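Student: This is the content of my_file_9.txt (compact mmCIF, C-alpha atoms):
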```
# COMPACT_ATOMS: atom_id res chain seq x y z
CA MET D 1 40.77 -31.61 27.77
CA VAL D 2 43.96 -29.57 28.25
CA THR D 3 45.79 -29.39 31.57
CA LEU D 4 49.12 -28.38 33.06
CA ILE D 5 49.67 -30.13 36.37
CA ALA D 6 52.24 -30.48 39.13
CA GLU D 7 51.08 -33.99 40.14
CA PRO D 8 51.90 -37.26 38.33
CA ILE D 9 49.85 -37.95 35.20
CA ASP D 10 47.06 -40.48 35.74
CA VAL D 11 46.91 -42.55 32.54
CA THR D 12 43.87 -44.56 33.61
CA SER D 13 41.75 -41.44 34.19
CA ALA D 14 42.86 -40.02 30.86
CA LEU D 15 41.94 -43.25 29.11
CA ASN D 16 38.52 -43.35 30.76
CA TYR D 17 37.96 -39.79 29.61
CA LEU D 18 38.94 -40.65 26.02
CA GLN D 19 36.55 -43.56 25.62
CA SER D 20 33.23 -43.10 23.90
CA GLU D 21 30.83 -45.40 22.09
CA GLN D 22 31.85 -44.00 18.70
CA ALA D 23 35.60 -44.40 19.28
CA GLY D 24 37.22 -47.23 17.35
CA ALA D 25 40.80 -46.09 17.87
CA ILE D 26 42.70 -44.38 20.63
CA ASP D 27 46.29 -43.30 20.22
CA LEU D 28 48.06 -42.41 23.42
CA PHE D 29 51.49 -40.85 23.33
CA LEU D 30 53.54 -40.65 26.51
CA GLY D 31 56.69 -38.59 26.82
CA VAL D 32 58.86 -40.05 29.55
CA VAL D 33 62.02 -38.78 31.29
CA ARG D 34 64.99 -40.78 29.96
CA ASP D 35 68.16 -41.48 31.89
CA ASN D 36 70.46 -39.98 29.29
CA THR D 37 70.75 -37.29 26.62
CA GLN D 38 73.56 -37.77 24.14
CA GLU D 39 75.16 -40.27 26.49
CA ARG D 40 75.28 -37.85 29.43
CA PRO D 41 73.55 -39.31 32.50
CA VAL D 42 70.48 -37.33 33.59
CA ASP D 43 69.54 -37.24 37.26
CA ARG D 44 66.20 -35.42 36.92
CA LEU D 45 64.34 -32.85 34.81
CA GLU D 46 62.85 -29.57 35.91
CA TYR D 47 59.92 -28.26 33.89
CA GLU D 48 58.94 -24.64 34.10
CA ALA D 49 55.94 -23.10 32.32
CA TYR D 50 54.42 -19.74 31.59
CA ASP D 51 51.20 -21.25 32.84
CA ARG D 52 48.43 -19.16 31.30
CA MET D 53 50.10 -19.05 27.90
CA ALA D 54 51.13 -22.73 27.98
CA VAL D 55 47.51 -23.73 28.51
CA SER D 56 46.17 -21.36 25.84
CA GLU D 57 48.81 -22.49 23.29
CA MET D 58 48.01 -26.16 23.99
CA GLN D 59 44.33 -25.36 23.54
CA LYS D 60 45.09 -23.67 20.20
CA ILE D 61 46.91 -26.81 19.04
CA ALA D 62 43.99 -28.97 20.09
CA ASP D 63 41.60 -26.69 18.20
CA GLN D 64 43.80 -26.83 15.08
CA ALA D 65 43.88 -30.63 15.31
CA ARG D 66 40.08 -30.76 15.61
CA GLN D 67 39.78 -28.72 12.44
CA GLN D 68 42.00 -31.19 10.56
CA TRP D 69 40.77 -34.57 11.89
CA PRO D 70 37.41 -35.90 13.12
CA ILE D 71 38.43 -36.13 16.77
CA LEU D 72 35.87 -37.53 19.20
CA ARG D 73 37.83 -36.83 22.38
CA TYR D 74 41.32 -35.61 23.20
CA ALA D 75 43.47 -35.23 26.27
CA ILE D 76 46.60 -33.11 26.52
CA ILE D 77 48.24 -33.28 29.93
CA HIS D 78 51.62 -31.69 30.62
CA ARG D 79 53.57 -31.91 33.87
CA LYS D 80 55.53 -29.11 35.45
CA GLY D 81 57.99 -29.11 38.34
CA THR D 82 60.64 -31.71 39.11
CA LEU D 83 60.43 -35.08 37.34
CA GLN D 84 62.47 -38.17 38.07
CA ILE D 85 63.64 -40.70 35.47
CA GLY D 86 60.76 -42.84 34.25
CA GLU D 87 58.11 -40.24 35.09
CA MET D 88 55.72 -39.07 32.40
CA ALA D 89 56.19 -35.47 31.31
CA VAL D 90 53.36 -35.37 28.80
CA LEU D 91 50.37 -37.43 27.71
CA ILE D 92 48.60 -36.85 24.40
CA GLY D 93 45.51 -38.96 23.78
CA VAL D 94 43.26 -38.85 20.72
CA ALA D 95 40.13 -40.92 20.15
CA THR D 96 38.67 -41.21 16.65
CA ALA D 97 36.43 -43.59 14.73
CA HIS D 98 39.34 -44.82 12.56
CA ARG D 99 42.98 -45.34 13.45
CA ALA D 100 44.80 -43.24 10.83
CA ASP D 101 43.18 -40.09 12.20
CA ALA D 102 44.15 -40.95 15.78
CA PHE D 103 47.80 -41.49 14.84
CA ASP D 104 48.00 -38.39 12.64
CA ALA D 105 46.30 -36.06 15.13
CA CYS D 106 48.28 -37.37 18.11
CA ARG D 107 51.55 -36.89 16.30
CA TYR D 108 50.59 -33.42 15.09
CA ILE D 109 49.74 -32.37 18.64
CA ILE D 110 52.98 -33.54 20.26
CA ASP D 111 55.14 -32.23 17.38
CA THR D 112 53.48 -28.81 17.59
CA ILE D 113 53.62 -28.66 21.38
CA LYS D 114 57.37 -29.05 21.18
CA LYS D 115 57.55 -26.05 18.84
CA THR D 116 55.22 -23.46 20.30
CA VAL D 117 54.17 -24.09 23.91
CA PRO D 118 56.05 -21.98 26.50
CA ILE D 119 57.34 -24.79 28.66
CA TRP D 120 61.04 -25.15 29.42
CA LYS D 121 62.94 -28.20 30.49
CA LYS D 122 66.19 -28.12 32.43
CA GLU D 123 68.23 -31.30 32.46
CA VAL D 124 70.01 -31.78 35.73
CA PHE D 125 73.05 -34.01 35.24
CA THR D 126 75.21 -35.50 37.91
CA ASN D 127 77.80 -32.88 36.93
CA GLY D 128 75.86 -29.75 36.01
CA GLU D 129 72.60 -28.60 34.47
CA GLU D 130 71.36 -27.20 31.17
CA TRP D 131 68.22 -25.65 29.73
CA VAL D 132 67.35 -27.85 26.76
CA ASN D 133 67.53 -26.24 23.33
CA ALA D 134 68.41 -22.77 24.65
CA HIS D 135 71.83 -22.32 23.06
CA PRO D 136 72.71 -22.16 19.35
CA MET W 1 55.61 -59.38 24.52
CA VAL W 2 52.93 -60.94 22.29
CA THR W 3 49.71 -62.40 23.67
CA LEU W 4 46.27 -63.52 22.57
CA ILE W 5 43.88 -63.48 25.50
CA ALA W 6 40.26 -64.11 26.37
CA GLU W 7 40.24 -61.72 29.34
CA PRO W 8 40.00 -57.92 29.17
CA ILE W 9 43.24 -56.10 28.28
CA ASP W 10 44.99 -54.54 31.27
CA VAL W 11 46.45 -51.26 30.01
CA THR W 12 48.21 -50.45 33.27
CA SER W 13 50.15 -53.72 33.29
CA ALA W 14 51.09 -53.23 29.65
CA LEU W 15 52.32 -49.72 30.38
CA ASN W 16 54.37 -50.88 33.35
CA TYR W 17 55.92 -53.52 31.15
CA LEU W 18 56.80 -50.94 28.47
CA GLN W 19 58.62 -48.55 30.76
CA SER W 20 62.38 -48.60 30.98
CA GLU W 21 65.02 -46.06 31.99
CA GLN W 22 66.07 -45.56 28.37
CA ALA W 23 62.54 -44.97 27.05
CA GLY W 24 61.75 -41.36 26.19
CA ALA W 25 58.59 -42.10 24.20
CA ILE W 26 55.81 -44.63 24.43
CA ASP W 27 53.11 -44.88 21.80
CA LEU W 28 50.11 -46.91 22.79
CA PHE W 29 47.44 -47.76 20.23
CA LEU W 30 44.11 -49.14 21.41
CA GLY W 31 41.57 -50.66 19.05
CA VAL W 32 38.14 -50.35 20.61
CA VAL W 33 34.75 -51.84 19.64
CA ARG W 34 32.65 -49.05 18.13
CA ASP W 35 28.88 -48.89 18.26
CA ASN W 36 28.44 -48.64 14.52
CA THR W 37 29.90 -49.72 11.19
CA GLN W 38 28.69 -47.77 8.21
CA GLU W 39 25.80 -46.46 10.29
CA ARG W 40 24.53 -49.93 11.18
CA PRO W 41 24.25 -50.38 14.96
CA VAL W 42 26.60 -53.03 16.36
CA ASP W 43 25.56 -54.96 19.43
CA ARG W 44 28.82 -56.86 20.01
CA LEU W 45 31.81 -58.35 18.23
CA GLU W 46 32.99 -61.93 18.21
CA TYR W 47 36.69 -62.52 17.63
CA GLU W 48 37.92 -65.90 16.57
CA ALA W 49 41.58 -66.83 16.10
CA TYR W 50 43.73 -69.62 14.75
CA ASP W 51 45.61 -69.35 18.01
CA ARG W 52 49.05 -70.82 17.31
CA MET W 53 49.37 -69.09 13.97
CA ALA W 54 47.92 -65.79 15.22
CA VAL W 55 50.60 -65.66 17.91
CA SER W 56 53.42 -66.64 15.56
CA GLU W 57 52.31 -64.10 12.92
CA MET W 58 52.13 -61.35 15.56
CA GLN W 59 55.60 -62.34 16.72
CA LYS W 60 56.88 -62.11 13.14
CA ILE W 61 55.50 -58.58 12.85
CA ALA W 62 57.15 -57.60 16.13
CA ASP W 63 60.45 -59.02 14.87
CA GLN W 64 60.13 -57.12 11.58
CA ALA W 65 59.43 -53.91 13.50
CA ARG W 66 62.49 -54.46 15.71
CA GLN W 67 64.63 -54.77 12.60
CA GLN W 68 63.35 -51.44 11.30
CA TRP W 69 63.25 -49.32 14.46
CA PRO W 70 65.30 -49.17 17.67
CA ILE W 71 62.56 -50.56 19.92
CA LEU W 72 63.33 -50.85 23.62
CA ARG W 73 60.13 -52.70 24.60
CA TYR W 74 56.92 -53.65 22.84
CA ALA W 75 53.58 -55.14 23.79
CA ILE W 76 51.09 -56.69 21.37
CA ILE W 77 47.95 -57.91 23.08
CA HIS W 78 44.94 -59.15 21.11
CA ARG W 79 41.60 -60.21 22.57
CA LYS W 80 39.51 -63.13 21.38
CA GLY W 81 35.96 -64.15 22.23
CA THR W 82 32.95 -61.88 22.65
CA LEU W 83 33.56 -58.15 23.08
CA GLN W 84 31.02 -55.52 24.02
CA ILE W 85 30.99 -51.93 22.75
CA GLY W 86 33.76 -49.89 24.35
CA GLU W 87 35.95 -52.91 25.07
CA MET W 88 39.51 -53.01 23.80
CA ALA W 89 40.17 -55.56 21.07
CA VAL W 90 43.86 -54.84 20.66
CA LEU W 91 46.67 -52.95 22.36
CA ILE W 92 49.94 -52.14 20.61
CA GLY W 93 52.59 -50.44 22.71
CA VAL W 94 56.06 -49.41 21.60
CA ALA W 95 58.73 -47.77 23.75
CA THR W 96 61.71 -46.07 22.11
CA ALA W 97 64.24 -43.39 22.98
CA HIS W 98 62.70 -40.90 20.52
CA ARG W 99 59.09 -40.34 19.56
CA ALA W 100 59.15 -40.69 15.77
CA ASP W 101 60.27 -44.31 16.08
CA ALA W 102 57.53 -45.11 18.59
CA PHE W 103 54.82 -43.69 16.30
CA ASP W 104 56.20 -45.33 13.15
CA ALA W 105 56.70 -48.76 14.70
CA CYS W 106 53.32 -48.76 16.46
CA ARG W 107 51.52 -47.85 13.27
CA TYR W 108 53.43 -50.44 11.26
CA ILE W 109 52.51 -53.15 13.75
CA ILE W 110 48.77 -52.44 13.82
CA ASP W 111 48.57 -51.92 10.04
CA THR W 112 50.35 -55.23 9.41
CA ILE W 113 48.34 -57.14 12.00
CA LYS W 114 45.21 -56.18 10.13
CA LYS W 115 46.64 -57.66 6.93
CA THR W 116 48.23 -60.93 7.97
CA VAL W 117 47.22 -62.24 11.39
CA PRO W 118 44.60 -65.05 11.29
CA ILE W 119 42.01 -63.44 13.54
CA TRP W 120 38.43 -62.97 12.37
CA LYS W 121 35.85 -60.55 13.61
CA LYS W 122 32.11 -61.10 13.33
CA GLU W 123 29.91 -58.06 13.81
CA VAL W 124 26.68 -58.93 15.49
CA PHE W 125 24.03 -56.34 14.65
CA THR W 126 20.64 -56.00 16.23
CA ASN W 127 19.31 -57.45 12.94
CA GLY W 128 21.86 -60.03 11.77
CA GLU W 129 25.56 -60.75 11.77
CA GLU W 130 28.48 -60.57 9.37
CA TRP W 131 32.11 -61.69 9.20
CA VAL W 132 34.02 -58.49 8.53
CA ASN W 133 35.85 -58.25 5.22
CA ALA W 134 34.92 -61.77 4.05
CA HIS W 135 32.86 -60.93 0.97
CA PRO W 136 34.05 -59.18 -2.19
CA MET J 1 58.19 10.57 28.08
CA ASP J 2 59.65 7.24 29.14
CA SER J 3 57.66 4.62 30.95
CA SER J 4 58.73 1.54 32.81
CA ILE J 5 57.48 -1.85 31.65
CA SER J 6 57.73 -5.16 33.49
CA VAL J 7 58.87 -8.28 31.58
CA LEU J 8 58.33 -11.82 32.90
CA LEU J 9 61.32 -14.13 32.53
CA PHE J 10 61.41 -17.93 32.31
CA GLY J 11 63.89 -20.75 31.94
CA ILE J 12 67.37 -19.76 30.87
CA THR J 13 66.60 -16.03 30.85
CA ARG J 14 65.49 -16.18 34.47
CA ASP J 15 68.68 -18.05 35.35
CA LEU J 16 70.90 -15.62 33.41
CA THR J 17 69.44 -12.52 35.03
CA GLY J 18 68.75 -14.09 38.40
CA GLN J 19 65.26 -12.51 38.31
CA SER J 20 61.77 -13.77 37.41
CA ALA J 21 60.77 -10.31 36.13
CA VAL J 22 62.75 -7.26 35.05
CA SER J 23 61.78 -3.65 34.62
CA VAL J 24 62.68 -1.99 31.32
CA SER J 25 62.49 1.69 30.54
CA LEU J 26 60.88 2.38 27.14
CA HIS J 27 59.71 5.45 25.27
CA LYS J 28 56.04 5.88 24.50
CA ASN J 29 54.76 3.72 21.59
CA ALA J 30 57.80 1.45 21.83
CA SER J 31 57.50 -1.74 19.84
CA VAL J 32 58.43 -5.37 20.55
CA ALA J 33 61.65 -4.78 18.57
CA ASP J 34 62.49 -1.79 20.79
CA LEU J 35 61.92 -3.90 23.89
CA LEU J 36 64.18 -6.68 22.60
CA ALA J 37 66.94 -4.18 21.78
CA GLN J 38 66.65 -2.65 25.23
CA LEU J 39 66.74 -6.08 26.91
CA HIS J 40 69.86 -7.05 24.97
CA GLN J 41 71.55 -3.83 26.03
CA GLN J 42 70.58 -4.28 29.67
CA PHE J 43 71.48 -8.01 29.73
CA PRO J 44 74.22 -8.77 27.17
CA ALA J 45 74.20 -12.44 28.18
CA LEU J 46 70.88 -12.78 26.31
CA MET J 47 72.93 -12.71 23.07
CA ASN J 48 73.93 -16.32 23.75
CA ILE J 49 70.37 -17.57 23.50
CA ARG J 50 69.33 -19.19 20.25
CA SER J 51 66.13 -17.16 19.83
CA LEU J 52 64.00 -14.82 21.89
CA LEU J 53 60.34 -14.02 21.31
CA ILE J 54 58.02 -11.68 23.12
CA ALA J 55 54.53 -12.59 24.28
CA VAL J 56 52.00 -9.85 24.93
CA ASN J 57 49.03 -10.76 27.08
CA GLY J 58 49.70 -14.47 26.56
CA GLU J 59 50.06 -14.35 22.76
CA TYR J 60 53.18 -14.39 20.60
CA ALA J 61 53.72 -10.84 19.32
CA GLU J 62 55.11 -9.58 15.99
CA THR J 63 58.22 -7.38 16.23
CA ASN J 64 56.32 -4.28 15.09
CA GLN J 65 53.58 -4.57 17.73
CA VAL J 66 53.36 -1.47 19.94
CA LEU J 67 53.45 -2.07 23.69
CA SER J 68 51.28 -0.53 26.35
CA PRO J 69 52.31 -0.22 30.02
CA THR J 70 49.25 -2.28 31.03
CA ASP J 71 50.22 -5.28 28.85
CA GLU J 72 51.44 -8.48 30.46
CA ILE J 73 54.76 -8.95 28.68
CA ALA J 74 56.93 -12.08 28.74
CA LEU J 75 60.27 -12.96 27.20
CA ILE J 76 60.13 -16.41 25.60
CA PRO J 77 63.41 -18.30 25.13
CA PRO J 78 63.43 -21.46 22.94
CA VAL J 79 60.73 -23.77 24.27
CA SER J 80 61.51 -27.36 25.22
CA GLY J 81 58.31 -28.92 26.53
CA GLY J 82 57.02 -32.35 25.78
CA MET H 1 46.49 -93.81 -4.00
CA ASP H 2 44.26 -91.19 -2.40
CA SER H 3 44.69 -90.06 1.17
CA SER H 4 42.37 -88.12 3.41
CA ILE H 5 43.57 -84.80 4.81
CA SER H 6 41.96 -82.74 7.56
CA VAL H 7 41.53 -79.00 7.09
CA LEU H 8 40.85 -76.60 9.95
CA LEU H 9 38.15 -73.98 9.28
CA PHE H 10 37.67 -70.57 10.86
CA GLY H 11 35.33 -67.60 10.68
CA ILE H 12 33.07 -67.46 7.66
CA THR H 13 34.26 -70.81 6.27
CA ARG H 14 33.35 -72.53 9.53
CA ASP H 15 29.92 -70.88 9.42
CA LEU H 16 29.36 -71.77 5.74
CA THR H 17 30.20 -75.45 6.19
CA GLY H 18 28.87 -75.78 9.72
CA GLN H 19 32.09 -77.57 10.69
CA SER H 20 35.33 -76.56 12.40
CA ALA H 21 37.30 -79.11 10.36
CA VAL H 22 36.60 -80.98 7.12
CA SER H 23 38.14 -84.05 5.60
CA VAL H 24 39.31 -83.80 1.97
CA SER H 25 40.38 -86.67 -0.23
CA LEU H 26 43.56 -85.87 -2.17
CA HIS H 27 45.94 -87.83 -4.41
CA LYS H 28 49.51 -88.36 -3.27
CA ASN H 29 51.78 -85.29 -3.69
CA ALA H 30 48.77 -83.01 -4.04
CA SER H 31 49.57 -79.30 -3.77
CA VAL H 32 47.91 -76.38 -2.03
CA ALA H 33 46.27 -75.51 -5.37
CA ASP H 34 44.83 -79.02 -5.62
CA LEU H 35 43.45 -78.74 -2.10
CA LEU H 36 41.81 -75.39 -2.85
CA ALA H 37 40.22 -76.80 -6.03
CA GLN H 38 38.91 -79.80 -4.10
CA LEU H 39 37.52 -77.61 -1.32
CA HIS H 40 35.72 -75.39 -3.85
CA GLN H 41 34.19 -78.47 -5.46
CA GLN H 42 33.10 -79.93 -2.13
CA PHE H 43 31.78 -76.59 -0.79
CA PRO H 44 30.65 -74.34 -3.66
CA ALA H 45 29.63 -71.62 -1.19
CA LEU H 46 33.35 -70.90 -0.70
CA MET H 47 33.24 -69.16 -4.11
CA ASN H 48 31.56 -66.18 -2.42
CA ILE H 49 34.55 -65.46 -0.22
CA ARG H 50 36.87 -62.67 -1.25
CA SER H 51 40.06 -64.67 -0.88
CA LEU H 52 41.18 -67.99 0.57
CA LEU H 53 44.69 -68.92 1.64
CA ILE H 54 46.09 -72.14 3.01
CA ALA H 55 48.33 -72.36 6.07
CA VAL H 56 50.53 -75.41 6.52
CA ASN H 57 51.87 -76.05 10.02
CA GLY H 58 51.02 -72.50 11.04
CA GLU H 59 52.67 -70.75 8.06
CA TYR H 60 51.10 -69.26 4.94
CA ALA H 61 51.79 -71.65 2.04
CA GLU H 62 52.46 -70.99 -1.65
CA THR H 63 50.00 -72.59 -4.09
CA ASN H 64 52.63 -75.03 -5.41
CA GLN H 65 53.59 -76.39 -1.97
CA VAL H 66 53.08 -80.18 -1.75
CA LEU H 67 51.00 -81.41 1.18
CA SER H 68 51.70 -84.30 3.51
CA PRO H 69 48.99 -86.17 5.47
CA THR H 70 50.80 -85.28 8.72
CA ASP H 71 50.69 -81.50 8.07
CA GLU H 72 48.39 -79.29 10.13
CA ILE H 73 46.40 -77.58 7.40
CA ALA H 74 44.09 -74.60 7.82
CA LEU H 75 41.90 -72.65 5.41
CA ILE H 76 42.38 -68.90 5.98
CA PRO H 77 39.56 -66.59 4.82
CA PRO H 78 40.23 -62.80 4.73
CA VAL H 79 41.50 -61.79 8.16
CA SER H 80 39.87 -59.01 10.15
CA GLY H 81 41.69 -58.72 13.44
CA GLY H 82 42.70 -55.53 15.21
```
Spit out the file's structure as structure tokens when you get a sec.

Tutor:
Amino acid sequence: MVTLIAEPIDVTSALNYLQSEQAGAIDLFLGVVRDNTQERPVDRLEYEAYDRMAVSEMQKIADQARQQWPILRYAIIHRKGTLQIGEMAVLIGVATAHRADAFDACRYIIDTIKKTVPIWKKEVFTNGEEWVNAHP
Amino acid sequence: MVTLIAEPIDVTSALNYLQSEQAGAIDLFLGVVRDNTQERPVDRLEYEAYDRMAVSEMQKIADQARQQWPILRYAIIHRKGTLQIGEMAVLIGVATAHRADAFDACRYIIDTIKKTVPIWKKEVFTNGEEWVNAHP
Amino acid sequence: MDSSISVLLFGITRDLTGQSAVSVSLHKNASVADLLAQLHQQFPALMNIRSLLIAVNGEYAETNQVLSPTDEIALIPPVSGG
Amino acid sequence: MDSSISVLLFGITRDLTGQSAVSVSLHKNASVADLLAQLHQQFPALMNIRSLLIAVNGEYAETNQVLSPTDEIALIPPVSGG
């Protein structure tokens, strides 16, 4: 399951979706908005996406992960729009029979999302704003 | 937070506990009762613990993890008693500023729990029962 | 014969140009590299961005890919999701 | 002078002996190794278990640790939590 949503991420629904009778391990990674980046206080984050491509790139990553690990269920949920401190920006959930696969696949998915999925994050500070990672 | 409980694990409470304004990443590992072990159908699992020592060994592991990674919050919750298929036996949650630490610490904690904490699991099959890992 | 091609902009490139899509004039059989060169000429501020990729119809494109006026084309600055 | 020491049992060792604690007679200044030898003699079925450790007052003990009658002693078969 891959989604890009404007509403808050519902962890309980995601967890219910991930459970199956064969699953012995579920690894759930949550990316949360922190209150500072290199010591500079962050007020909020604004996420923008090239929607159709963001979804298709996340699906590609999920498909690559399924080729590498015996994944029973997965959930990839990314927020867009304005997020306050403490809100979840992304949830990656992977259910497998054994735990090493769940950890490895979950980590692969979030690491790869950060490299290839066309989603952009602007940090809004109390004294300015900046698109993350845009400048050399 | 380290607990050994007879009641079902409440993921939402654990997640609320893990959140903090400095946390950018939360890794949550859930160990779930599967319906089979080496193809043999499992009806239920019975977890038994040497309570005082199980809690102190889990606390030691948490302390070791905190020495190795910059952990903001952690939750280690282990069930005891009878568990049905699909029920959570263990929840490990680690909140950190950056994701690599959350993954590494979470994995260290669950891997070490499985080696040192005096908790025993009996698999009850439709045709017999067996203490996991007891025989050569 | 030149043709005009529309390019979707996101994130910092949208902020720099003040537009969510720009029109670029390209010769027939222009490639992704030609488009990038033209964009840099039209918007010199793009030079300050760490990397720029082009997506064609929702897929990352190689620099030698030839563009068609019916393609959906997007300029992709460094991503920062997650 | 022998003294009697109580040993807590869990998991497979509790099932094998049918008891959640057993009493073992040990000489004064007996060690963890002595206790294990005595337990094996008293309950030969323990030989079939992959490994057995002793915890003293809630901590894993080395085989040369000397036991006291006031210690809380537990026999720890291979753990399988998580």

Student: With a cut-off of 12 Å and counting all atoms listed in the file, select all residues of chain W in contact with chain J and give the selection as a PDB file with C-alpha atoms, in the coordinates of the input.

Tutor:
```pdb
ATOM      1  CA  GLY W  24      61.750 -41.360  26.190  1.00  0.00           C
ATOM      2  CA  ALA W  25      58.590 -42.100  24.200  1.00  0.00           C
ATOM      3  CA  HIS W  98      62.700 -40.900  20.520  1.00  0.00           C
ATOM      4  CA  ARG W  99      59.090 -40.340  19.560  1.00  0.00           C
TER       5      ARG W  99
END
```

Student: Closest to chain W among D:Ile77, D:Met1, D:Ile9, D:Ile85, using all atoms listed in the file?

Tutor: D:Ile85

Student: Could you give me, as a VMD selection string, the residues that have an atom at most 12 Å away from the point (47.3, -90.7, -0.2) in the coordinates of the file, using all atoms listed in the file?

Tutor: chain H and resid 1 to 5 24 to 30 67 to 70

Student: Would you kindly return, as a count of residues only, each protein, DNA or RNA residue with an atom no farther than 12 Å from any atom of Leu15 (chain W), considering all atoms listed in the file and excluding same-chain residues fewer than 3 positions away?

Tutor: 33

Student: For the atom pair CA of Val7 (chain J) and CA of Gln19 (chain J), what is the interatomic distance in Å to one decimal place?

Tutor: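 Going from CA of Val7 (chain J) over to CA of Gln19 (chain J) covers 10.2 Å.
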
Student: CA of Phe43 (chain J) to CA of His135 (chain D): how many Å, to one decimal?

Tutor: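 These two atoms are separated by 15.8 Å.
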
Student: List the neighbours of Glu48 (chain D) out to 10 Å using only C-alpha atoms; skip same-chain residues closer than 6 positions along the sequence, and give me the result as a PyMOL selection string.

Tutor: (chain D and resi 79-82+118-122) or (chain J and resi 10-11+80-81)

Student: Expressed in Å to a single decimal, how great is the separation between CA of Thr17 (chain H) and CA of Thr112 (chain W)?

Tutor: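 So the two atoms, CA of Thr17 (chain H) and CA of Thr112 (chain W), lie 28.7 Å apart.
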
Student: List as a list in words the protein and nucleic acid residues near Leu8 (chain J), meaning an atom at most 10 Å away when all atoms listed in the file are counted, but skip any in the same chain fewer than 3 places from it.

Tutor: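 Everything that qualifies: Tyr50 of chain D; Thr13, Arg14, Gln19, Ser20, Ala21, Val22, Ser23, Ile54, Ala55, Glu72, Ile73, Ala74, Leu75 and Ile76 of chain J.
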
Student: Would you give the centre and edge lengths, in Å to one decimal, of a box along x, y and z around the listed atoms of region 9-14 of chain D, with 8 Å added to each side, as AutoDock Vina command-line options?

Tutor:
```
--center_x 45.8 --center_y -41.3 --center_z 33.3 --size_x 24.1 --size_y 22.6 --size_z 20.9
```

Student: Identify which of the residues W:Gly31, W:Glu21, W:Glu46, W:Glu57 lies closest to Val132 (chain W), counting only C-alpha atoms when measuring atom-to-atom distances.

Tutor: W:Glu46

Student: Excluding Ser56 (chain D) and residues on its chain fewer than 6 positions from it, collect all residues at most 10 Å away from it, counting all atoms listed in the file, and give them as a PyMOL selection string.

Tutor: (chain D and resi 2-3+62+117-118) or (chain J and resi 58-59)
